[in-house]
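The file data_9.csv contains CSV, C-alpha atoms:
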chain,number,residue,atom,x,y,z
A,295,MET,CA,170.0,26.5,-38.5
A,296,ARG,CA,168.8,24.0,-41.1
A,297,ASP,CA,166.0,25.2,-43.4
A,298,LEU,CA,163.2,22.7,-42.6
A,299,VAL,CA,159.8,22.7,-44.2
A,300,GLU,CA,156.7,20.8,-43.1
A,301,ILE,CA,155.6,18.4,-45.8
A,302,GLY,CA,152.7,16.9,-43.9
A,303,MET,CA,151.5,16.4,-40.3
A,304,GLY,CA,154.4,15.6,-38.1
A,305,ARG,CA,156.9,15.2,-41.0
A,306,THR,CA,159.5,17.8,-42.0
A,307,ALA,CA,162.1,17.8,-44.7
A,308,ARG,CA,165.2,19.8,-45.2
A,309,ARG,CA,165.2,22.4,-48.1
A,310,ALA,CA,168.2,21.7,-50.4
A,311,TYR,CA,169.6,23.5,-53.4
A,312,ASP,CA,171.0,22.5,-56.7
A,313,LEU,CA,173.7,24.3,-58.6
A,314,ASP,CA,171.1,26.0,-60.7
A,315,ASP,CA,169.7,27.5,-57.6
A,316,VAL,CA,172.8,29.3,-56.5
A,317,GLU,CA,175.0,32.0,-58.0
A,318,ILE,CA,178.5,33.4,-57.3
A,319,VAL,CA,178.6,36.9,-55.8
A,320,PRO,CA,181.3,39.2,-57.0
A,321,SER,CA,183.7,40.7,-54.5
A,322,ARG,CA,185.3,44.2,-54.3
A,323,ARG,CA,188.4,43.0,-56.1
A,324,THR,CA,189.1,41.6,-59.6
A,325,ARG,CA,192.3,40.4,-61.1
A,326,SER,CA,193.7,39.2,-64.5
A,327,SER,CA,192.9,35.6,-65.3
A,328,ALA,CA,196.6,35.3,-66.3
A,329,VAL,CA,197.6,35.3,-62.6
A,330,VAL,CA,194.9,32.8,-61.6
A,331,SER,CA,195.9,29.2,-60.8
A,332,THR,CA,193.7,26.2,-61.3
A,333,THR,CA,196.3,23.6,-60.1
A,334,TRP,CA,195.1,20.9,-57.8
A,335,GLN,CA,197.1,18.2,-56.0
A,336,ILE,CA,195.9,15.0,-54.3
A,337,ASP,CA,198.5,13.0,-52.4
A,338,ALA,CA,201.7,13.2,-54.5
A,339,TYR,CA,200.0,13.9,-57.8
A,340,ARG,CA,199.6,17.4,-59.1
A,341,PHE,CA,197.3,18.5,-62.0
A,342,ASP,CA,197.0,21.7,-63.9
A,343,LEU,CA,193.2,21.4,-63.9
A,344,PRO,CA,190.8,20.3,-61.1
A,345,LEU,CA,189.4,17.7,-63.6
A,346,VAL,CA,188.8,14.0,-63.0
A,347,THR,CA,186.8,12.1,-65.6
A,348,HIS,CA,183.7,10.2,-64.7
A,349,PRO,CA,184.8,6.6,-65.3
A,350,THR,CA,182.6,5.7,-68.2
A,351,ASP,CA,183.6,4.0,-71.5
A,352,ALA,CA,181.6,6.8,-73.3
A,353,ILE,CA,184.4,9.3,-72.7
A,354,VAL,CA,187.4,7.4,-71.4
A,355,SER,CA,189.5,5.1,-73.5
A,356,PRO,CA,193.2,4.4,-72.8
A,357,ALA,CA,194.0,6.9,-75.5
A,358,THR,CA,191.7,9.7,-74.1
A,359,ALA,CA,193.0,9.0,-70.6
A,360,VAL,CA,196.5,9.8,-71.9
A,361,GLU,CA,195.3,12.9,-73.8
A,362,ILE,CA,193.4,14.2,-70.7
A,363,GLY,CA,196.5,13.6,-68.6
A,364,LYS,CA,198.7,15.5,-71.0
A,365,LEU,CA,196.2,18.4,-70.9
A,366,GLY,CA,196.4,18.6,-67.1
A,367,GLY,CA,193.5,16.4,-65.8
A,368,LEU,CA,193.1,12.9,-64.5
A,369,GLY,CA,191.5,10.3,-66.8
A,370,VAL,CA,190.0,7.4,-64.9
A,371,LEU,CA,189.5,4.1,-66.8
A,372,ASN,CA,186.6,1.9,-65.8
A,373,ALA,CA,188.3,-1.4,-64.8
A,374,GLU,CA,184.9,-3.1,-65.2
A,375,GLY,CA,184.2,-1.6,-68.6
A,376,MET,CA,184.6,-2.7,-72.2
A,377,TRP,CA,188.3,-2.3,-72.4
A,378,ALA,CA,188.5,-4.9,-69.6
A,379,ARG,CA,186.0,-7.2,-71.4
A,380,HIS,CA,186.5,-7.0,-75.1
A,381,ARG,CA,189.5,-7.0,-77.4
A,382,ASP,CA,187.6,-5.3,-80.2
A,383,VAL,CA,186.1,-2.3,-78.3
A,384,GLU,CA,185.6,-0.3,-81.5
A,385,GLY,CA,183.4,-3.1,-82.8
A,386,ALA,CA,181.4,-3.1,-79.6
A,387,MET,CA,181.0,0.7,-79.9
A,388,ARG,CA,179.8,0.2,-83.5
A,389,ARG,CA,177.1,-2.1,-82.2
A,390,LEU,CA,175.8,0.7,-79.9
A,391,LEU,CA,175.9,3.2,-82.7
A,392,ASP,CA,174.0,0.9,-85.0
A,393,THR,CA,171.4,0.4,-82.3
A,394,VAL,CA,170.6,4.1,-82.2
A,395,LYS,CA,168.3,3.5,-85.1
A,396,ASP,CA,166.2,1.0,-83.2
A,397,GLU,CA,162.8,2.4,-82.2
A,398,ASP,CA,162.8,0.5,-78.9
A,399,PRO,CA,163.9,3.0,-76.3
A,400,THR,CA,165.5,0.2,-74.2
A,401,ALA,CA,167.5,-1.3,-77.0
A,402,LEU,CA,170.7,0.6,-76.3
A,403,VAL,CA,170.7,-0.3,-72.6
A,404,ARG,CA,170.1,-4.0,-73.5
A,405,VAL,CA,173.1,-4.0,-75.9
A,406,LEU,CA,175.2,-2.4,-73.2
A,407,GLN,CA,174.1,-5.0,-70.7
A,408,GLU,CA,175.0,-7.8,-73.1
A,409,LEU,CA,178.4,-6.3,-73.8
A,410,HIS,CA,179.1,-6.1,-70.0
A,411,SER,CA,178.0,-9.7,-69.5
A,412,ALA,CA,181.3,-10.8,-70.9
A,413,PRO,CA,183.9,-11.5,-68.1
A,414,VAL,CA,186.6,-9.1,-67.1
A,415,GLN,CA,189.9,-10.4,-68.5
A,416,PRO,CA,192.9,-9.2,-66.4
A,417,GLU,CA,195.2,-9.4,-69.5
A,418,LEU,CA,193.0,-7.0,-71.4
A,419,LEU,CA,192.9,-4.7,-68.4
A,420,ASP,CA,196.7,-4.9,-68.1
A,421,GLU,CA,197.0,-4.0,-71.8
A,422,ALA,CA,194.7,-1.0,-71.5
A,423,LEU,CA,196.5,0.3,-68.4
A,424,ARG,CA,199.9,-0.2,-70.0
A,425,THR,CA,199.0,2.3,-72.7
A,426,VAL,CA,198.4,4.9,-70.0
A,427,ARG,CA,201.4,4.0,-67.9
A,428,GLU,CA,203.9,4.1,-70.8
A,429,SER,CA,202.7,7.6,-71.8
A,430,GLY,CA,204.0,9.0,-68.5
A,431,VAL,CA,200.7,10.4,-67.2
A,432,THR,CA,199.1,9.4,-63.9
A,433,VAL,CA,197.4,6.1,-64.1
A,434,ALA,CA,193.9,5.9,-62.5
A,435,ALA,CA,191.2,3.2,-62.6
A,436,ARG,CA,187.7,2.7,-61.1
A,437,VAL,CA,186.3,-0.4,-59.5
A,438,SER,CA,182.9,-1.0,-57.9
A,439,PRO,CA,182.7,-1.7,-54.1
A,440,GLN,CA,181.5,-5.2,-55.0
A,441,ARG,CA,184.6,-6.1,-57.0
A,442,ALA,CA,187.2,-3.9,-55.3
A,443,ALA,CA,188.8,-6.7,-53.4
A,444,GLU,CA,189.0,-9.0,-56.4
A,445,LEU,CA,190.3,-6.6,-59.0
A,446,THR,CA,192.5,-4.2,-57.0
A,447,PRO,CA,195.6,-6.6,-56.9
A,448,HIS,CA,195.5,-6.7,-60.7
A,449,LEU,CA,195.2,-3.0,-60.9
A,450,ILE,CA,198.1,-2.3,-58.5
A,451,ALA,CA,200.3,-4.8,-60.4
A,452,ALA,CA,199.4,-3.1,-63.6
A,453,GLY,CA,200.7,0.3,-62.3
A,454,VAL,CA,197.6,2.1,-61.1
A,455,GLU,CA,198.6,5.1,-59.1
A,456,VAL,CA,195.2,6.4,-58.0
A,457,LEU,CA,192.4,4.0,-57.2
A,458,VAL,CA,188.8,5.1,-57.5
A,459,VAL,CA,186.2,3.0,-55.6
A,460,GLN,CA,182.9,4.2,-56.9
A,461,GLY,CA,179.3,3.0,-56.8
A,462,THR,CA,176.1,4.9,-57.3
A,463,ILE,CA,175.8,5.0,-53.6
A,464,ILE,CA,178.6,3.9,-51.3
A,465,SER,CA,179.1,3.4,-47.6
A,466,ALA,CA,182.1,2.7,-45.4
A,467,GLU,CA,181.1,-0.9,-45.1
A,468,HIS,CA,179.3,-2.8,-47.8
A,469,VAL,CA,177.3,-5.7,-46.3
A,470,SER,CA,176.5,-8.6,-48.6
A,471,GLY,CA,174.5,-11.7,-47.8
A,472,ASP,CA,176.7,-14.1,-49.7
A,473,SER,CA,180.2,-12.8,-49.0
A,474,ASP,CA,182.3,-11.0,-46.5
A,475,PRO,CA,181.6,-7.2,-46.4
A,476,LEU,CA,184.0,-4.8,-47.9
A,477,ASN,CA,185.4,-2.8,-45.0
A,478,LEU,CA,186.9,0.3,-46.7
A,479,LYS,CA,189.0,1.2,-43.7
A,480,GLU,CA,190.8,-2.1,-43.7
A,481,PHE,CA,190.9,-2.2,-47.5
A,482,ILE,CA,192.4,1.3,-47.9
A,483,GLY,CA,194.8,0.7,-45.0
A,484,GLY,CA,196.3,-2.2,-46.9
A,485,LEU,CA,197.1,-0.2,-50.0
A,486,ASP,CA,200.1,2.1,-50.9
A,487,VAL,CA,198.1,4.2,-53.4
A,488,PRO,CA,195.6,7.0,-52.6
A,489,VAL,CA,192.0,5.9,-52.9
A,490,ILE,CA,189.1,8.2,-53.9
A,491,ALA,CA,185.7,6.8,-52.8
A,492,GLY,CA,182.1,7.7,-53.4
A,493,GLY,CA,179.5,8.7,-54.2
A,494,VAL,CA,177.9,10.3,-51.2
A,495,THR,CA,175.4,13.1,-50.8
A,496,ASP,CA,175.3,13.8,-47.1
A,497,TYR,CA,177.5,14.9,-44.2
A,498,ARG,CA,177.4,11.7,-42.2
A,499,THR,CA,178.4,9.4,-45.0
A,500,ALA,CA,181.1,11.8,-46.2
A,501,MET,CA,182.5,11.8,-42.7
A,502,HIS,CA,182.5,8.0,-42.5
A,503,LEU,CA,184.3,7.7,-45.8
A,504,MET,CA,186.9,10.2,-44.7
A,505,ARG,CA,187.5,8.2,-41.5
A,506,THR,CA,188.4,5.1,-43.7
A,507,GLY,CA,191.5,6.9,-44.9
A,508,ALA,CA,190.3,7.9,-48.3
A,509,ALA,CA,192.3,10.6,-50.0
A,510,GLY,CA,189.2,11.9,-51.7
A,511,VAL,CA,185.4,11.6,-51.4
A,512,ILE,CA,183.2,11.8,-54.5
A,513,VAL,CA,180.0,13.7,-53.9
A,514,GLY,CA,177.0,12.9,-56.2
A,515,HIS,CA,175.8,10.1,-58.4
A,516,GLY,CA,177.0,11.5,-61.7
A,517,TYR,CA,173.6,13.0,-62.3
A,518,THR,CA,173.0,14.3,-65.9
A,519,PRO,CA,169.5,15.6,-66.8
A,520,GLY,CA,167.8,13.2,-69.2
A,521,ILE,CA,170.5,10.5,-68.9
A,522,THR,CA,170.9,9.3,-65.3
A,523,SER,CA,167.9,8.0,-63.5
A,524,THR,CA,168.9,7.1,-59.9
A,525,ASP,CA,166.3,9.6,-58.6
A,526,ARG,CA,163.5,8.0,-60.7
A,527,VAL,CA,164.5,4.4,-60.1
A,528,LEU,CA,165.5,4.5,-56.5
A,529,GLY,CA,164.0,7.7,-55.3
A,530,ILE,CA,167.3,8.7,-53.9
A,531,GLY,CA,169.0,12.1,-54.5
A,532,VAL,CA,170.2,15.3,-52.9
A,533,PRO,CA,170.6,18.5,-54.9
A,534,MET,CA,174.3,19.1,-55.7
A,535,ALA,CA,175.0,22.5,-54.2
A,536,THR,CA,173.7,21.3,-50.8
A,537,ALA,CA,175.5,17.9,-51.1
A,538,ILE,CA,178.9,19.6,-51.9
A,539,ILE,CA,178.6,22.1,-49.1
A,540,ASP,CA,177.7,19.4,-46.6
A,541,ALA,CA,180.7,17.3,-47.7
A,542,ALA,CA,182.9,20.3,-47.4
A,543,ALA,CA,181.6,20.8,-43.8
A,544,ALA,CA,182.6,17.2,-43.1
A,545,ARG,CA,186.0,17.8,-44.6
A,546,ARG,CA,186.5,20.8,-42.2
A,547,ASP,CA,185.3,18.9,-39.2
A,548,TYR,CA,187.5,15.9,-40.1
A,549,LEU,CA,190.4,18.2,-40.5
A,550,ASP,CA,189.8,19.5,-36.9
A,551,GLU,CA,189.2,15.9,-35.6
A,552,THR,CA,192.5,14.6,-37.0
A,553,GLY,CA,194.6,17.7,-36.4
A,554,GLY,CA,195.3,18.4,-40.0
A,555,ARG,CA,194.5,15.5,-42.4
A,556,TYR,CA,192.8,17.0,-45.5
A,557,VAL,CA,190.5,14.9,-47.6
A,558,HIS,CA,189.6,16.2,-51.0
A,559,VAL,CA,186.0,16.6,-52.2
A,560,LEU,CA,185.2,15.8,-55.8
A,561,ALA,CA,181.8,16.9,-57.3
A,562,ASP,CA,180.3,14.4,-59.6
A,563,GLY,CA,177.0,15.3,-61.4
A,564,GLY,CA,174.7,18.2,-62.1
A,565,MET,CA,177.3,20.1,-64.2
A,566,THR,CA,176.5,20.7,-67.8
A,567,SER,CA,178.3,24.1,-68.3
A,568,SER,CA,181.4,25.9,-67.3
A,569,GLY,CA,179.3,28.0,-64.9
A,570,ASP,CA,178.3,24.8,-63.1
A,571,ILE,CA,181.9,23.9,-62.7
A,572,ALA,CA,182.7,27.3,-61.1
A,573,LYS,CA,179.7,27.0,-58.8
A,574,ALA,CA,180.7,23.5,-57.7
A,575,ILE,CA,184.2,24.7,-56.7
A,576,ALA,CA,182.6,27.8,-55.0
A,577,CYS,CA,180.5,25.4,-52.9
A,578,GLY,CA,183.6,23.7,-51.6
A,579,ALA,CA,184.7,21.1,-54.2
A,580,ASP,CA,188.4,20.7,-54.7
A,581,ALA,CA,187.9,19.2,-58.2
A,582,VAL,CA,185.1,18.2,-60.5
A,583,MET,CA,184.4,14.7,-62.0
A,584,LEU,CA,183.0,15.5,-65.4
A,585,GLY,CA,181.1,13.1,-67.6
A,586,ALA,CA,178.5,14.3,-70.1
A,587,PRO,CA,180.3,17.7,-70.9
A,588,LEU,CA,183.3,15.7,-72.2
A,589,ALA,CA,181.2,13.7,-74.6
A,590,ALA,CA,181.4,16.8,-76.9
A,591,SER,CA,185.1,15.9,-77.5
A,592,THR,CA,185.9,14.4,-80.9
A,593,ALA,CA,188.2,12.0,-78.9
A,594,ALA,CA,185.3,10.5,-76.9
A,595,PRO,CA,185.1,6.8,-77.7
A,596,GLY,CA,181.3,6.9,-77.5
A,597,HIS,CA,181.1,9.0,-80.7
A,598,GLY,CA,178.6,11.4,-79.2
A,599,LEU,CA,176.7,9.0,-77.1
A,600,TYR,CA,176.9,9.2,-73.3
A,601,TRP,CA,176.0,6.9,-70.4
A,602,THR,CA,177.3,6.1,-66.9
A,603,ALA,CA,178.5,2.7,-65.6
A,604,ALA,CA,175.1,2.3,-64.0
A,605,ALA,CA,173.5,1.8,-67.5
A,606,ALA,CA,175.0,-1.7,-67.7
A,607,HIS,CA,173.6,-3.0,-64.4
A,608,PRO,CA,172.2,-6.4,-65.3
A,609,SER,CA,168.9,-6.1,-63.4
A,610,LEU,CA,168.4,-2.4,-62.5
A,611,PRO,CA,170.0,0.1,-64.9
A,612,ARG,CA,170.0,3.7,-63.7
A,613,SER,CA,171.3,5.5,-66.8
A,614,ARG,CA,170.1,5.8,-70.3
A,615,VAL,CA,172.4,5.7,-73.4
A,616,ALA,CA,171.7,9.0,-75.0
A,617,ALA,CA,173.2,11.7,-77.1
A,618,GLY,CA,175.6,14.0,-75.3
A,619,PRO,CA,176.1,17.7,-76.1
A,620,GLU,CA,175.3,18.8,-79.6
A,621,ILE,CA,178.7,20.6,-80.0
A,622,GLU,CA,181.7,18.6,-81.3
A,623,VAL,CA,185.2,20.0,-80.7
A,624,ASP,CA,188.7,18.7,-80.0
A,625,LEU,CA,189.6,18.0,-76.4
A,626,ARG,CA,192.0,20.9,-76.0
A,627,THR,CA,189.5,23.4,-77.2
A,628,LEU,CA,186.8,21.9,-75.0
A,629,LEU,CA,189.0,22.4,-71.9
A,630,TYR,CA,191.0,25.5,-72.8
A,631,GLY,CA,189.1,27.3,-75.6
A,632,PRO,CA,188.8,29.4,-77.6
A,633,SER,CA,185.1,29.2,-77.8
A,634,SER,CA,182.4,30.5,-80.0
A,635,ASP,CA,179.6,28.9,-77.9
A,636,PRO,CA,177.8,31.4,-75.7
A,637,ASP,CA,176.3,28.8,-73.3
A,638,GLY,CA,179.4,27.5,-71.5
A,639,ALA,CA,179.8,24.2,-73.3
A,640,VAL,CA,183.3,24.9,-74.6
A,641,ASN,CA,186.4,26.4,-72.8
A,642,LEU,CA,185.2,24.8,-69.6
A,643,PHE,CA,188.3,25.6,-67.5
A,644,GLY,CA,189.1,28.9,-69.2
A,645,ALA,CA,185.7,30.0,-67.9
A,646,LEU,CA,186.6,28.8,-64.4
A,647,ARG,CA,189.8,30.9,-64.5
A,648,ARG,CA,187.7,33.9,-65.6
A,649,ALA,CA,185.1,33.4,-62.9
A,650,MET,CA,187.9,33.3,-60.3
A,651,ALA,CA,189.5,36.4,-61.7
A,652,LYS,CA,186.2,38.3,-61.9
A,653,THR,CA,185.7,37.6,-58.2
A,654,GLY,CA,189.3,38.4,-57.2
A,655,TYR,CA,190.5,35.0,-56.2
A,656,SER,CA,193.9,33.6,-57.2
A,657,ASP,CA,193.6,29.9,-56.5
A,658,LEU,CA,191.0,27.2,-55.9
A,659,LYS,CA,191.2,27.1,-52.1
A,660,GLU,CA,190.6,30.9,-52.0
A,661,PHE,CA,187.7,30.6,-54.4
A,662,GLN,CA,185.9,28.2,-52.1
A,663,ARG,CA,185.3,31.2,-49.8
A,664,VAL,CA,183.5,33.3,-52.4
A,665,GLY,CA,180.0,34.5,-51.6
A,666,LEU,CA,176.9,32.7,-52.8
A,667,SER,CA,173.4,33.8,-53.4
A,668,VAL,CA,170.2,31.8,-53.7
A,669,ARG,CA,167.7,32.5,-56.6
A,670,ARG,CA,164.6,31.6,-54.7
Show how you would write the structure in this file as structure tokens.
Amino acid sequence: MRDLVEIGMGRTARRAYDLDDVEIVPSRRTRSSAVVSTTWQIDAYRFDLPLVTHPTDAIVSPATAVEIGKLGGLGVLNAEGMWARHRDVEGAMRRLLDTVKDEDPTALVRVLQELHSAPVQPELLDEALRTVRESGVTVAARVSPQRAAELTPHLIAAGVEVLVVQGTIISAEHVSGDSDPLNLKEFIGGLDVPVIAGGVTDYRTAMHLMRTGAAGVIVGHGYTPGITSTDRVLGIGVPMATAIIDAAAARRDYLDETGGRYVHVLADGGMTSSGDIAKAIACGADAVMLGAPLAASTAAPGHGLYWTAAAAHPSLPRSRVAAGPEIEVDLRTLLYGPSSDPDGAVNLFGALRRAMAKTGYSDLKEFQRVGLSVRR
């Protein structure tokens, strides 16, 4: 039964939980982390880590997408970001870094909005994706629902193997007053590549997206404390633990409905430490979409700054441009260790392996069955 609380006369609300509110319960068995597998596969693509990058220019350049791919994750390039709009991206990044000194708290967002007012140039996008494709790693790119129909043919021609259709909030059918709606079921049905779509935060929308034929559903809005502001701007949000568990329930019911079609759940947001990653998987996520934690990498093109794509919205930005983690390490160390940080900011996936080993589970699917407790 859902945990409903009365918030006023005749109005109830469901109690929901964030990742900080839940903890993983040990089992009767432990095992060596050397025999634990963190591999993850979506469609025909197999990865050593359940890691997909949040598609922001702050952490993903063509070069970092290649490096992340070689380290076992999936780097997702923003097809509407600066690599698609500017030939001198490093110069654009320097403008942002120079603006850090400005006392106006909105200055960084205004510069980002200006940089994104330049048109997307397919030839620049092709060039960026070619770098990833020629490295031999899986090529992935993100488009917004509003521009998916326009940009996807360019992306497929450029060799994109996994397409991410992501907005702050997405539905199975985007209705617009001045153009035809994007019907995701028809859109996905016409493609030969797997599509990951999101974000969603509730069972019903997750189920609708699964019925479109999506290979994966993104849960969450990329929430990062102090940086993203969808909750403050739109008043919309569902705590991540509950959102992931609800989407996992939709995945189970859809599996029964279709007689065996499995749709992956990707958790995006609310994760600032390795323990949060472990709890997201424990709640039912198949993989995590990391943003701000990866800004600690020396390879991050934002040079320590972090923002999401929603920061550049021309009229209603929903992300600040702010400093990421204070720690600075190379990408391999950030993902695999070793670490001298006691707070879970480094060795993100070594810690996941240890959490799985300490609770006796050998792979990610098993770990989704681990017990959970609630702090309050």
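CA of Gly507 (chain A) lies 10.2 Å from CA of Tyr556 (chain A).
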Name the residues in contact with region 520-531 of chain A at a cut-off of 10 Å, using all atoms listed in the file, excluding same-chain residues fewer than 6 positions from it; report them as a ChimeraX atom specification. /A:462-463,494-496,514,537,563,586,600-602,604-605,610-618
With a cut-off of 12 Å, could you pull out the residues of region 495-534 of chain A touching region 571-582 of chain A and give me the nearest pair of atoms for each, distance in Å to one decimal, using all atoms listed in the file, ordered by chain and ascending number, as CSV?
residue,atom,partner,partner_atom,distance
A:Ala509,CA,A:Asp580,CA,11.8
A:Gly510,CA,A:Asp580,CA,9.3
A:Val511,CA,A:Ala579,CA,9.9
A:Ile512,CA,A:Val582,CA,9.0
A:Val513,CA,A:Ala579,CA,8.8
A:Gly514,CA,A:Val582,CA,10.6
A:Gly516,CA,A:Val582,CA,10.6
A:Pro533,CA,A:Ala574,CA,11.6
A:Met534,CA,A:Ala574,CA,8.0
Which of these, A:Asp337, A:Asp657, A:Glu620, A:Glu428, has the shortest distance to Val557 (chain A) once you count only C-alpha atoms? A:Asp337
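The point (201.2, -3.5, -64.8) has these residues within 9 Å of it when only C-alpha atoms are used: Asp420, Glu421, Leu423, Arg424, Arg427, His448, Leu449, Ile450, Ala451, Ala452, Gly453 and Val454 of chain A.
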Next, write the just-selected residues to a file, as an mmCIF file, keeping the file's coordinate frame, keeping C-alpha atoms as the atom set.
data_model
loop_
_atom_site.group_PDB
_atom_site.id
_atom_site.type_symbol
_atom_site.label_atom_id
_atom_site.label_comp_id
_atom_site.auth_asym_id
_atom_site.auth_seq_id
_atom_site.Cartn_x
_atom_site.Cartn_y
_atom_site.Cartn_z
ATOM 1 C CA ASP A 420 196.700 -4.900 -68.100
ATOM 2 C CA GLU A 421 197.000 -4.000 -71.800
ATOM 3 C CA LEU A 423 196.500 0.300 -68.400
ATOM 4 C CA ARG A 424 199.900 -0.200 -70.000
ATOM 5 C CA ARG A 427 201.400 4.000 -67.900
ATOM 6 C CA HIS A 448 195.500 -6.700 -60.700
ATOM 7 C CA LEU A 449 195.200 -3.000 -60.900
ATOM 8 C CA ILE A 450 198.100 -2.300 -58.500
ATOM 9 C CA ALA A 451 200.300 -4.800 -60.400
ATOM 10 C CA ALA A 452 199.400 -3.100 -63.600
ATOM 11 C CA GLY A 453 200.700 0.300 -62.300
ATOM 12 C CA VAL A 454 197.600 2.100 -61.100
#
Exercise: Ala589 (chain A) partners within 9 Å, only C-alpha atoms, chain neighbours under 5 positions left out, as a VMD selection string: chain A and resid 352 to 353 594 to 600 617 to 619 622
Using C-alpha atoms, can you export the residues from the last selection as a tab-separated table (two decimals), keeping the file's coordinate frame?
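Wrote out-v7.tsv, looks like this:
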chain	number	residue	atom	x	y	z
A	352	ALA	CA	181.60	6.80	-73.30
A	353	ILE	CA	184.40	9.30	-72.70
A	594	ALA	CA	185.30	10.50	-76.90
A	595	PRO	CA	185.10	6.80	-77.70
A	596	GLY	CA	181.30	6.90	-77.50
A	597	HIS	CA	181.10	9.00	-80.70
A	598	GLY	CA	178.60	11.40	-79.20
A	599	LEU	CA	176.70	9.00	-77.10
A	600	TYR	CA	176.90	9.20	-73.30
A	617	ALA	CA	173.20	11.70	-77.10
A	618	GLY	CA	175.60	14.00	-75.30
A	619	PRO	CA	176.10	17.70	-76.10
A	622	GLU	CA	181.70	18.60	-81.30
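If all atoms listed in the file are the atoms counted, then among A:Tyr311, A:Ser326, A:Pro349, A:Asp624 the closest residue to Thr592 (chain A) is A:Asp624.
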Of the residues A:Thr358, A:Gln407, A:Asn372, A:Ser656, which is the one nearest to Thr332 (chain A), using all atoms listed in the file? A:Ser656
Between CA of Glu397 (chain A) and CA of Ala606 (chain A), what is the distance in Å, rounded to a tenth? 19.4 Å
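Proximity of A:Ser327, A:Asn477, A:Gln415, A:Thr350 to Ala442 (chain A), computed with all atoms listed in the file, is greatest for A:Asn477.
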Pick out the residues sitting within 8 Å of Glu374 (chain A), and hand them over as a PyMOL selection string; count only C-alpha atoms, and ignore anything fewer than 5 positions along from it in its own chain. chain A and resi 379+414+436-438
Using only C-alpha atoms, which of A:Ile318, A:Arg670, A:Glu551, A:Asp540 sits nearest Arg296 (chain A)? A:Asp540
Could you list, as a ChimeraX atom specification, every residue within 8 Å of Gly564 (chain A), counting all atoms listed in the file and ignoring same-chain residues fewer than 5 positions away? /A:312-313,516-519,534,570
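Proximity to Val459 (chain A) was assessed for A:Ala491, A:Ala307, A:Ala328, A:Ala401 counting all atoms listed in the file; the smallest distance is recorded for A:Ala491.
Atom to atom, CA of Thr653 (chain A) and CA of Thr333 (chain A) stand 17.7 Å apart.
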